[in-house]
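Reproduced below: target_35.csv, with CSV, C-alpha atoms.
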chain,number,residue,atom,x,y,z
Z,61,MET,CA,100.1,135.0,130.3
Z,62,ILE,CA,103.5,135.0,128.6
Z,63,ARG,CA,103.4,136.9,125.4
Z,64,THR,CA,105.9,136.0,122.7
Z,65,ALA,CA,107.2,137.7,119.6
Z,66,ARG,CA,108.9,135.4,117.0
Z,67,ILE,CA,111.9,136.4,114.9
Z,68,LEU,CA,113.7,134.3,112.3
Z,69,VAL,CA,117.5,133.9,112.5
Z,70,ARG,CA,119.9,131.6,110.6
Z,71,ASN,CA,122.6,129.4,111.9
Z,72,ALA,CA,126.0,128.7,110.4
Z,73,THR,CA,124.7,126.0,108.1
Z,74,GLY,CA,122.1,128.3,106.6
Z,75,PHE,CA,119.1,126.6,108.1
Z,76,PRO,CA,116.6,129.0,109.6
Z,77,LYS,CA,116.1,129.0,113.3
Z,78,ARG,CA,112.9,130.0,115.0
Z,79,ARG,CA,113.2,131.8,118.2
Z,80,GLY,CA,110.5,132.8,120.7
Z,81,TYR,CA,111.3,135.6,123.2
Z,82,ALA,CA,109.2,135.7,126.4
Z,83,THR,CA,108.5,138.8,128.3
Z,84,GLY,CA,107.2,136.9,131.4
Z,85,THR,CA,108.6,134.1,133.5
Z,86,ASP,CA,105.5,132.2,134.6
Z,87,PRO,CA,106.2,128.5,134.7
Z,88,PHE,CA,104.3,126.2,132.3
Z,89,LYS,CA,101.1,124.4,132.6
Z,90,VAL,CA,102.1,121.0,131.2
Z,91,LEU,CA,100.0,118.3,129.7
Z,92,PHE,CA,102.3,115.2,129.5
Z,93,PHE,CA,101.5,112.3,127.2
Z,94,GLY,CA,103.3,109.0,127.8
Z,95,ARG,CA,102.9,105.4,129.0
Z,96,ASP,CA,106.1,103.3,129.5
Z,97,GLU,CA,109.3,103.3,131.4
Z,98,PHE,CA,111.0,105.7,129.0
Z,99,SER,CA,108.1,108.1,129.7
Z,100,CYS,CA,108.6,107.6,133.4
Z,101,GLY,CA,112.3,108.6,133.3
Z,102,VAL,CA,111.5,111.7,131.3
Z,103,PHE,CA,108.6,112.6,133.6
Z,104,GLN,CA,110.7,112.1,136.8
Z,105,GLN,CA,113.2,114.7,135.6
Z,106,LEU,CA,110.4,117.1,134.7
Z,107,TYR,CA,108.6,116.5,138.0
Z,108,GLU,CA,111.7,117.4,140.0
Z,109,ALA,CA,112.3,120.6,138.0
Z,110,LYS,CA,109.5,122.6,139.8
Z,111,ASP,CA,110.9,125.9,138.5
Z,112,VAL,CA,109.6,125.1,135.0
Z,113,TRP,CA,106.0,124.1,135.7
Z,114,GLN,CA,103.1,125.3,137.9
Z,115,ASP,CA,100.6,122.7,136.8
Z,116,LEU,CA,101.4,119.1,135.6
Z,117,GLN,CA,98.9,116.6,134.3
Z,118,ILE,CA,99.3,113.2,132.8
Z,119,VAL,CA,97.5,111.6,129.8
Z,120,THR,CA,98.2,107.9,129.3
Z,121,GLN,CA,96.8,104.6,128.0
Z,122,PRO,CA,93.9,102.8,129.9
Z,123,ASP,CA,94.4,99.7,131.9
Z,124,ALA,CA,94.2,96.6,129.7
Z,125,LYS,CA,93.7,92.9,130.3
Z,126,THR,CA,96.5,90.7,129.0
Z,127,GLY,CA,97.6,87.1,129.2
Z,128,ARG,CA,95.5,84.0,128.6
Z,129,ARG,CA,91.8,84.9,128.8
Z,130,GLY,CA,92.7,88.3,130.2
Z,131,SER,CA,93.9,86.9,133.5
Z,132,LYS,CA,96.4,89.8,134.0
Z,133,LEU,CA,95.9,93.6,134.2
Z,134,SER,CA,98.4,95.7,132.4
Z,135,ILE,CA,98.7,99.2,134.0
Z,136,SER,CA,100.6,102.1,132.4
Z,137,PRO,CA,103.9,102.5,134.4
Z,138,LEU,CA,103.5,106.2,134.0
Z,139,LYS,CA,100.1,106.2,135.6
Z,140,LEU,CA,101.4,104.4,138.6
Z,141,LEU,CA,104.4,106.8,139.0
Z,142,ALA,CA,102.2,109.9,138.6
Z,143,GLU,CA,99.6,108.7,141.0
Z,144,ASP,CA,102.3,107.9,143.6
Z,145,LYS,CA,103.4,111.6,143.3
Z,146,GLY,CA,99.8,113.0,143.5
Z,147,ILE,CA,99.7,114.1,139.9
Z,148,GLN,CA,96.4,114.0,138.2
Z,149,VAL,CA,96.1,111.3,135.5
Z,150,HIS,CA,93.7,111.1,132.5
Z,151,THR,CA,93.3,108.1,130.3
Z,152,ILE,CA,92.4,108.0,126.6
Z,153,PRO,CA,89.7,105.9,125.1
Z,154,ARG,CA,90.5,102.2,124.7
Z,155,GLU,CA,89.6,102.1,121.0
Z,156,ARG,CA,92.1,103.7,118.7
Z,157,SER,CA,89.3,105.1,116.5
Z,158,GLU,CA,87.9,107.0,119.5
Z,159,PHE,CA,91.1,108.8,120.4
Z,160,LYS,CA,90.4,111.6,117.9
Z,161,ASN,CA,87.4,112.5,120.1
Z,162,PHE,CA,89.5,112.8,123.3
Z,163,GLU,CA,89.1,116.1,125.0
Z,164,ALA,CA,92.0,117.7,126.8
Z,165,PRO,CA,91.3,118.5,130.5
Z,166,ALA,CA,91.1,122.0,131.9
Z,167,PRO,CA,92.8,124.4,131.6
Z,168,PHE,CA,94.0,123.2,128.2
Z,169,LEU,CA,90.5,122.9,126.5
Z,170,PRO,CA,89.3,126.4,125.6
Z,171,SER,CA,85.8,127.5,126.5
Z,172,ASP,CA,83.1,127.9,123.8
Z,173,THR,CA,83.7,131.7,123.7
Z,174,GLN,CA,87.3,131.1,122.9
Z,175,VAL,CA,86.8,128.8,119.9
Z,176,ASP,CA,87.0,131.2,117.0
Z,177,PRO,CA,89.5,131.7,114.1
Z,178,SER,CA,91.4,134.4,116.0
Z,179,TYR,CA,91.9,132.3,119.1
Z,180,GLU,CA,95.6,131.9,120.0
Z,181,PRO,CA,96.5,129.3,122.7
Z,182,PRO,CA,98.2,130.7,125.8
Z,183,SER,CA,102.0,130.6,125.6
Z,184,ASP,CA,102.3,129.1,129.1
Z,185,HIS,CA,100.3,126.0,128.0
Z,186,LEU,CA,102.8,123.2,127.0
Z,187,LEU,CA,102.3,119.8,125.4
Z,188,VAL,CA,104.9,117.2,126.0
Z,189,THR,CA,105.0,113.7,124.6
Z,190,ALA,CA,107.5,110.9,125.4
Z,191,SER,CA,106.9,107.4,124.0
Z,192,PHE,CA,103.1,107.8,124.1
Z,193,GLY,CA,102.5,105.2,121.3
Z,194,ARG,CA,99.7,107.1,119.5
Z,195,ILE,CA,99.7,109.9,117.0
Z,196,LEU,CA,98.0,113.0,118.4
Z,197,PRO,CA,95.1,114.3,116.3
Z,198,ASN,CA,95.2,117.9,115.0
Z,199,SER,CA,92.4,118.8,117.4
Z,200,LEU,CA,94.8,118.2,120.3
Z,201,LEU,CA,97.8,119.8,118.7
Z,202,ASN,CA,95.9,123.0,117.8
Z,203,LEU,CA,95.3,123.6,121.5
Z,204,PHE,CA,98.9,124.6,121.8
Z,205,LEU,CA,101.2,127.0,120.0
Z,206,PRO,CA,103.6,125.2,117.6
Z,207,SER,CA,106.4,126.4,119.8
Z,208,ARG,CA,104.8,124.7,122.8
Z,209,ARG,CA,104.4,121.2,121.4
Z,210,VAL,CA,107.4,119.2,122.6
Z,211,ASN,CA,108.4,115.6,121.9
Z,212,VAL,CA,111.3,113.7,123.5
Z,213,HIS,CA,112.6,111.1,121.0
Z,214,PRO,CA,115.4,108.6,121.9
Z,215,SER,CA,117.6,108.7,118.8
Z,216,LEU,CA,119.8,111.1,116.9
Z,217,LEU,CA,117.3,112.3,114.3
Z,218,PRO,CA,116.8,112.0,111.4
Z,219,ALA,CA,118.1,108.5,112.2
Z,220,TYR,CA,115.5,106.0,113.6
Z,221,ARG,CA,112.3,107.9,113.2
Z,222,GLY,CA,109.5,105.6,114.4
Z,223,ALA,CA,108.2,103.6,117.3
Z,224,ALA,CA,111.3,101.6,118.2
Z,225,PRO,CA,114.5,103.7,117.9
Z,226,ILE,CA,116.3,102.2,120.9
Z,227,GLN,CA,115.7,98.6,119.7
Z,228,TYR,CA,116.9,99.2,116.2
Z,229,ALA,CA,120.1,101.1,117.3
Z,230,ILE,CA,121.0,98.0,119.3
Z,231,MET,CA,120.1,95.5,116.6
Z,232,ASP,CA,122.0,97.5,114.0
Z,233,GLY,CA,125.2,97.5,116.1
Z,234,GLN,CA,125.4,101.3,116.4
Z,235,ARG,CA,128.1,102.6,118.7
Z,236,GLU,CA,126.4,105.9,119.5
Z,237,THR,CA,122.8,107.1,120.1
Z,238,GLY,CA,121.1,110.0,121.9
Z,239,VAL,CA,118.0,111.9,122.5
Z,240,CYS,CA,116.4,114.9,120.7
Z,241,VAL,CA,113.8,117.4,121.9
Z,242,ILE,CA,111.7,118.2,118.8
Z,243,GLU,CA,108.5,120.0,117.8
Z,244,MET,CA,105.5,117.8,117.6
Z,245,SER,CA,104.2,118.4,114.1
Z,246,GLU,CA,101.1,117.3,112.3
Z,247,ARG,CA,101.1,113.8,110.9
Z,248,LYS,CA,100.9,115.0,107.3
Z,249,LYS,CA,104.3,116.6,107.8
Z,250,GLY,CA,105.9,113.2,108.8
Z,251,ILE,CA,106.5,111.2,111.9
Z,252,ASP,CA,109.3,112.6,114.2
Z,253,CYS,CA,110.1,115.2,111.6
Z,254,GLY,CA,109.6,118.4,113.7
Z,255,ALA,CA,112.2,121.1,114.2
Z,256,MET,CA,114.8,120.4,116.9
Z,257,TRP,CA,115.4,122.4,120.1
Z,258,GLY,CA,118.4,120.2,120.9
Z,259,CYS,CA,120.1,116.8,121.0
Z,260,ARG,CA,122.4,115.0,123.4
Z,261,ARG,CA,124.6,112.1,122.4
Z,262,MET,CA,125.8,109.0,124.4
Z,263,GLU,CA,127.9,106.0,123.6
Z,264,ILE,CA,126.2,102.6,123.4
Z,265,PRO,CA,128.2,100.3,125.7
Z,266,ASP,CA,129.3,96.9,124.6
Z,267,GLY,CA,126.6,94.3,125.3
Z,268,ALA,CA,124.0,97.0,125.9
Z,269,VAL,CA,120.5,95.7,126.5
Z,270,PHE,CA,117.3,97.5,125.8
Z,271,PRO,CA,116.0,98.1,129.4
Z,272,THR,CA,119.3,99.6,130.6
Z,273,LEU,CA,119.9,101.8,127.5
Z,274,ARG,CA,116.2,102.9,127.6
Z,275,ASP,CA,116.5,104.1,131.2
Z,276,GLU,CA,119.8,105.9,130.6
Z,277,LEU,CA,118.3,107.7,127.5
Z,278,ALA,CA,115.2,108.6,129.5
Z,279,ILE,CA,117.2,110.4,132.1
Z,280,LEU,CA,119.2,112.1,129.4
Z,281,GLY,CA,116.0,113.1,127.6
Z,282,GLY,CA,114.4,114.4,130.7
Z,283,GLN,CA,117.4,116.5,131.5
Z,284,LEU,CA,117.4,117.9,127.9
Z,285,LEU,CA,113.7,118.6,128.2
Z,286,VAL,CA,114.1,120.6,131.4
Z,287,SER,CA,117.1,122.5,129.9
Z,288,THR,CA,114.9,123.4,126.9
Z,289,LEU,CA,112.0,124.6,129.0
Z,290,ARG,CA,114.3,126.8,131.1
Z,291,ASP,CA,115.6,128.3,127.8
Z,292,MET,CA,112.0,128.9,126.7
Z,293,LEU,CA,111.2,130.7,130.0
Z,294,ALA,CA,114.3,132.8,129.6
Z,295,GLY,CA,113.4,133.6,126.0
Z,296,LYS,CA,116.5,132.1,124.4
Z,297,ASP,CA,115.3,128.8,123.0
Z,298,THR,CA,115.8,128.1,119.2
Z,299,ARG,CA,114.5,125.4,116.9
Z,300,THR,CA,116.5,124.1,113.9
Z,301,PRO,CA,114.8,122.2,111.0
Z,302,GLN,CA,115.9,118.6,110.7
Z,303,VAL,CA,118.3,117.7,108.0
Z,304,SER,CA,116.7,115.7,105.2
Z,305,ASP,CA,118.3,112.3,104.8
Z,306,PRO,CA,116.3,109.8,102.7
Z,307,ASN,CA,118.9,107.1,103.6
Z,308,ALA,CA,118.5,107.5,107.4
Z,309,PRO,CA,117.6,104.2,109.0
Z,310,ARG,CA,114.0,103.8,110.2
Z,311,ALA,CA,112.6,102.3,113.4
Z,312,PRO,CA,109.1,100.8,112.7
Z,313,LEU,CA,107.0,99.0,115.3
Z,314,ILE,CA,108.6,95.7,116.5
Z,315,THR,CA,106.6,92.6,115.3
Z,316,PHE,CA,106.9,88.8,115.6
Z,317,LYS,CA,108.7,88.8,112.3
Z,318,ASP,CA,111.6,90.7,113.9
Z,319,SER,CA,112.1,87.8,116.4
Z,320,ALA,CA,112.2,85.1,113.7
Z,321,VAL,CA,115.7,83.8,113.4
Z,322,ASP,CA,117.1,83.0,109.9
Z,323,PHE,CA,120.3,81.0,110.6
Z,324,LYS,CA,121.2,81.0,106.9
Z,325,ALA,CA,121.1,84.8,106.7
Z,326,MET,CA,122.1,85.9,110.3
Z,327,THR,CA,125.4,85.5,112.0
Z,328,ALA,CA,125.6,84.6,115.7
Z,329,GLU,CA,126.5,88.2,116.5
Z,330,GLU,CA,123.5,89.5,114.7
Z,331,ILE,CA,121.2,87.2,116.5
Z,332,VAL,CA,122.7,88.2,119.9
Z,333,ARG,CA,122.3,91.9,119.1
Z,334,ARG,CA,118.7,91.2,118.1
Z,335,HIS,CA,118.1,89.4,121.4
Z,336,ARG,CA,119.6,92.3,123.3
Z,337,GLY,CA,117.4,94.8,121.5
Z,338,ILE,CA,113.9,93.1,121.5
Z,339,SER,CA,113.8,90.0,123.7
Z,340,HIS,CA,112.1,91.9,126.4
Z,341,GLN,CA,109.0,92.0,124.1
Z,342,LYS,CA,109.7,89.4,121.4
Z,343,PRO,CA,112.1,86.4,122.3
Z,344,MET,CA,114.2,85.0,119.5
Z,345,THR,CA,112.2,82.2,117.9
Z,346,THR,CA,112.9,79.4,115.4
Z,347,LEU,CA,111.0,76.4,114.1
Z,348,LEU,CA,111.4,72.7,114.7
Z,349,LYS,CA,110.8,70.1,112.0
Z,350,THR,CA,107.7,69.1,114.0
Z,351,GLN,CA,106.3,72.6,113.2
Z,352,ARG,CA,106.5,73.7,116.8
Z,353,THR,CA,108.3,77.0,117.6
Z,354,LEU,CA,111.3,77.2,120.0
Z,355,GLN,CA,112.3,80.3,121.8
Z,356,LEU,CA,116.0,80.9,122.3
Z,357,HIS,CA,116.8,82.5,125.7
Z,358,ASP,CA,120.0,84.2,126.8
Z,359,PRO,CA,122.0,83.3,123.6
Z,360,PHE,CA,125.6,84.3,123.2
Z,361,VAL,CA,128.3,83.9,120.5
Z,362,PHE,CA,130.2,80.6,120.8
Z,363,VAL,CA,133.8,81.5,120.0
Z,364,ASN,CA,136.2,78.8,118.7
Z,365,PRO,CA,133.9,75.8,118.9
Z,366,PRO,CA,135.7,72.4,119.1
Z,367,SER,CA,136.1,70.2,116.1
Z,368,GLU,CA,133.5,67.7,117.4
Z,369,VAL,CA,130.9,70.5,117.1
Z,370,THR,CA,131.9,71.9,113.7
Z,371,GLU,CA,132.1,68.5,112.2
Z,372,GLN,CA,128.6,67.5,113.3
Z,373,LEU,CA,127.0,70.8,112.4
Z,374,SER,CA,127.6,70.8,108.7
Z,375,ALA,CA,124.9,73.3,107.6
Z,376,GLU,CA,123.3,76.5,108.9
Z,377,GLY,CA,120.4,75.8,111.2
Z,378,THR,CA,121.7,72.5,112.5
Z,379,ALA,CA,122.1,72.2,116.3
Z,380,MET,CA,123.4,69.8,119.0
Z,381,PHE,CA,123.7,69.8,122.8
Z,382,HIS,CA,127.3,70.6,124.0
Z,383,PRO,CA,127.8,69.0,127.4
Z,384,PRO,CA,130.9,71.1,128.5
Z,385,SER,CA,129.0,74.4,128.0
Z,386,LYS,CA,125.6,72.9,129.0
Z,387,ALA,CA,124.1,74.7,126.1
Z,388,LEU,CA,122.5,74.1,122.7
Z,389,VAL,CA,125.0,75.0,119.9
Z,390,ILE,CA,123.6,76.2,116.6
Z,391,ARG,CA,125.5,76.8,113.4
Z,392,CYS,CA,124.7,80.3,111.9
Z,393,ALA,CA,125.7,82.3,108.8
Z,394,ASN,CA,129.3,82.8,107.8
Z,395,GLY,CA,130.6,79.9,109.9
Z,396,THR,CA,129.5,81.4,113.2
Z,397,TYR,CA,128.0,79.5,116.2
Z,398,LEU,CA,125.4,80.4,118.7
Z,399,SER,CA,125.2,79.0,122.2
Z,400,VAL,CA,121.8,78.8,123.9
Z,401,PRO,CA,121.6,77.8,127.6
Z,402,MET,CA,117.8,78.1,127.9
Z,403,VAL,CA,114.9,77.3,125.5
Z,404,ARG,CA,111.1,77.3,125.5
Z,405,GLN,CA,109.2,75.1,123.2
Z,406,GLN,CA,105.7,76.1,122.1
Z,407,ASP,CA,103.1,75.6,124.8
Z,408,ARG,CA,105.7,74.5,127.3
Z,409,HIS,CA,107.7,76.1,130.2
Z,410,ILE,CA,111.2,77.4,129.8
Z,411,LEU,CA,113.8,74.7,130.3
Z,412,LYS,CA,117.6,74.4,130.6
Z,413,ALA,CA,119.0,73.2,127.3
Z,414,LYS,CA,120.0,69.8,128.7
Z,415,GLU,CA,116.5,69.1,130.0
Z,416,TRP,CA,114.9,70.1,126.7
Z,417,TRP,CA,117.5,68.0,124.7
Z,418,ASN,CA,116.7,64.9,126.7
Z,419,GLY,CA,113.2,65.1,125.3
Z,420,VAL,CA,114.1,65.7,121.6
Z,421,LYS,CA,112.1,63.5,119.3
Z,422,PRO,CA,113.6,61.4,116.5
Z,423,GLU,CA,111.7,63.4,113.8
Z,424,MET,CA,113.3,66.6,115.0
Z,425,ARG,CA,116.8,65.5,113.9
Z,426,VAL,CA,118.6,66.0,110.6
Z,427,VAL,CA,118.4,62.3,110.0
Z,428,GLU,CA,115.5,60.8,111.8
Z,429,GLY,CA,116.6,58.6,114.7
Z,430,PRO,CA,117.7,58.5,118.3
Z,431,HIS,CA,121.0,60.4,117.9
Z,432,GLY,CA,122.5,63.2,115.9
Z,433,PRO,CA,122.0,67.0,115.3
Z,434,ILE,CA,118.5,68.5,115.0
Z,435,GLN,CA,117.4,70.8,112.2
Z,436,PHE,CA,115.7,74.2,112.5
Z,437,LEU,CA,113.5,75.4,109.6
Z,438,PRO,CA,112.7,78.9,108.4
Z,439,LEU,CA,109.7,80.5,110.1
Z,440,ASP,CA,108.1,81.5,106.8
Z,441,SER,CA,105.2,79.0,107.2
Z,442,VAL,CA,104.3,80.4,110.6
Z,443,LEU,CA,104.6,84.1,109.6
Z,444,THR,CA,102.2,83.6,106.7
Z,445,GLN,CA,99.5,82.0,108.7

Could you quickly redo this structure as structure tokens?
Amino acid sequence: MIRTARILVRNATGFPKRRGYATGTDPFKVLFFGRDEFSCGVFQQLYEAKDVWQDLQIVTQPDAKTGRRGSKLSISPLKLLAEDKGIQVHTIPRERSEFKNFEAPAPFLPSDTQVDPSYEPPSDHLLVTASFGRILPNSLLNLFLPSRRVNVHPSLLPAYRGAAPIQYAIMDGQRETGVCVIEMSERKKGIDCGAMWGCRRMEIPDGAVFPTLRDELAILGGQLLVSTLRDMLAGKDTRTPQVSDPNAPRAPLITFKDSAVDFKAMTAEEIVRRHRGISHQKPMTTLLKTQRTLQLHDPFVFVNPPSEVTEQLSAEGTAMFHPPSKALVIRCANGTYLSVPMVRQQDRHILKAKEWWNGVKPEMRVVEGPHGPIQFLPLDSVLTQ
């Protein structure tokens, strides 16, 4: 067992740093919690760094039925990756309320003789979380030393604490993001508020979309995690408390409301950024006068629209089909215009804009009839149902 002695030092900013010096070099026994593609990228880097672990086990979400009438089976990508590499996988209970009763596998769960007030978890036992999607109960956290509870978070903390940091960074038009390796702290201390071992920055490219940025951040986060663990084994890792910033942007769970387009309030650029950030899980959606929703697929900003478009679209939320671009053009806030080549009406298949436009009903138009622009409505009525 690696035995540690902790000392307190201070950095140049005056914040205390906690340091743990190890007298041994045994690699870690790792219990890794994750579920999605970001988790996979972090796990892959850890898996390849066999100098930092001697035992690696996975905890993830159970398989779930999705789609209409449960016709599809959703399996954790991390589970598939781990099984492919011969790594043992454990699944948590399906019901959220039962997660608090989840027992860690051996060797992380102490025996009955070890459960007493003086018990101290072994310092070679390590907890790692990366996009797990659940808050770990104290009963799990207490199986590991505070200095051995590690979370890989894809933002430059304290900015974008929460479940969707990558999505919000894209939606907000940020030019830079990054990853942090932080201490997994108890819920009462705040979400993603633990002390930091380190951060790495990266530029957000123009036109970045969630899947690509997620995968790049996962690799970066995995590399930072491995570097941190090597520092731990060498006895030179340090943790710095996060800076308190009440104005830092948050990143709550993405919901249907985030996909609801408000053409009076959102510019075309803002809608496109939102599409790039969350369309993989929630396509941009608006409402027809017939009270049917319409998804907007692959939208882009329509620069310098011709006069025949601007003259017909006199108000935000009005739209027409533009034959030269083969797309639906919609007027948005601040005199901007959105071009949409593909749409999907509620309960129908996705169609090219021209095919859908040919089926537009008279009651969808600004002025009911066979010709003229259509009118989109706010989604408030749908969101309140």

Please return as a PDB file with C-alpha atoms, in the frame of the given file every residue within 12 Å of (132.9, 83.4, 109.9), taking into account only C-alpha atoms and the file's own coordinates.
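Below is the file that was written, point13.pdb:
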ATOM      1  CA  MET Z 326     122.100  85.900 110.300  1.00  0.00           C
ATOM      2  CA  THR Z 327     125.400  85.500 112.000  1.00  0.00           C
ATOM      3  CA  ALA Z 328     125.600  84.600 115.700  1.00  0.00           C
ATOM      4  CA  GLU Z 329     126.500  88.200 116.500  1.00  0.00           C
ATOM      5  CA  VAL Z 361     128.300  83.900 120.500  1.00  0.00           C
ATOM      6  CA  PHE Z 362     130.200  80.600 120.800  1.00  0.00           C
ATOM      7  CA  VAL Z 363     133.800  81.500 120.000  1.00  0.00           C
ATOM      8  CA  ASN Z 364     136.200  78.800 118.700  1.00  0.00           C
ATOM      9  CA  PRO Z 365     133.900  75.800 118.900  1.00  0.00           C
ATOM     10  CA  GLU Z 376     123.300  76.500 108.900  1.00  0.00           C
ATOM     11  CA  ARG Z 391     125.500  76.800 113.400  1.00  0.00           C
ATOM     12  CA  CYS Z 392     124.700  80.300 111.900  1.00  0.00           C
ATOM     13  CA  ALA Z 393     125.700  82.300 108.800  1.00  0.00           C
ATOM     14  CA  ASN Z 394     129.300  82.800 107.800  1.00  0.00           C
ATOM     15  CA  GLY Z 395     130.600  79.900 109.900  1.00  0.00           C
ATOM     16  CA  THR Z 396     129.500  81.400 113.200  1.00  0.00           C
ATOM     17  CA  TYR Z 397     128.000  79.500 116.200  1.00  0.00           C
ATOM     18  CA  LEU Z 398     125.400  80.400 118.700  1.00  0.00           C
TER      19      LEU Z 398
END

Who sits within 9 Å of Gln104 of chain Z, all atoms listed in the file, same chain under 2 positions skipped, as a ChimeraX atom specification:
/Z:99-102,106-109,141-142,279,282

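Computed from the coordinates, the atom CA of Leu280 of chain Z to atom CA of Ile264 of chain Z distance equals 13.2 Å.
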
For Gln114 of chain Z, please output as a ChimeraX atom specification all residues within 12 Å (counting only C-alpha atoms; exclusion window: fewer than 5 positions along the same chain).
/Z:85-91,106-109,147,184-186

Pick from Z:Phe436, Z:Ser178, Z:Gly238, Z:Tyr228, whichever lies nearest to Asp275 of chain Z using all atoms listed in the file:
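Counting all atoms listed in the file, the residue closest to Asp275 of chain Z is Z:Gly238.
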
Pick out the residues sitting within 8 Å of Ile251 of chain Z, and hand them over as a PyMOL selection string; count all atoms listed in the file, and ignore anything fewer than 4 positions along from it in its own chain.
chain Z and resi 221-222+245+247

Of the candidates Z:Ile314, Z:Pro433, Z:Phe323, Z:Leu216, which shows the shortest atom-to-atom distance to Pro343 of chain Z, using all atoms listed in the file?
Z:Ile314

Figure out the distance between atom CA of Trp113 of chain Z and atom CA of Val241 of chain Z, please, to one decimal in Å.
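Between these atoms lies a distance of 17.2 Å.
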
As a PyMOL selection string, please: the residues near Pro422 of chain Z (cut-off 12 Å, only C-alpha atoms, same-chain neighbours under 4 positions excluded).
chain Z and resi 348-350+417-418+426-435

Please provide as a list in words all residues within 8 Å of Gly281 of chain Z, with the sequence filter that same-chain residues fewer than 4 positions apart are discarded (counting all atoms listed in the file).
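Final neighbour list, sorted by chain and number: Val102, Val212, His213, Pro214, Val239, Cys240, Val241, Arg260, Leu277 and Leu285 of chain Z.
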
In Å, how far is it from atom CA of Ala379 of chain Z to atom CA of Gln227 of chain Z?
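These atoms are spaced 27.4 Å apart.
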
Counting only C-alpha atoms, the residue of Z:Arg235, Z:Arg261, Z:Arg209, Z:Lys125 that sits nearest Phe92 of chain Z:
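Looking at the shortest contact to Phe92 of chain Z, the residue is Z:Arg209.
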
Shortest contact to Ala229 of chain Z, candidates Z:Ile152, Z:Gly258, Z:Ser134, Z:Arg310, atoms counted only C-alpha atoms, goes to Z:Arg310
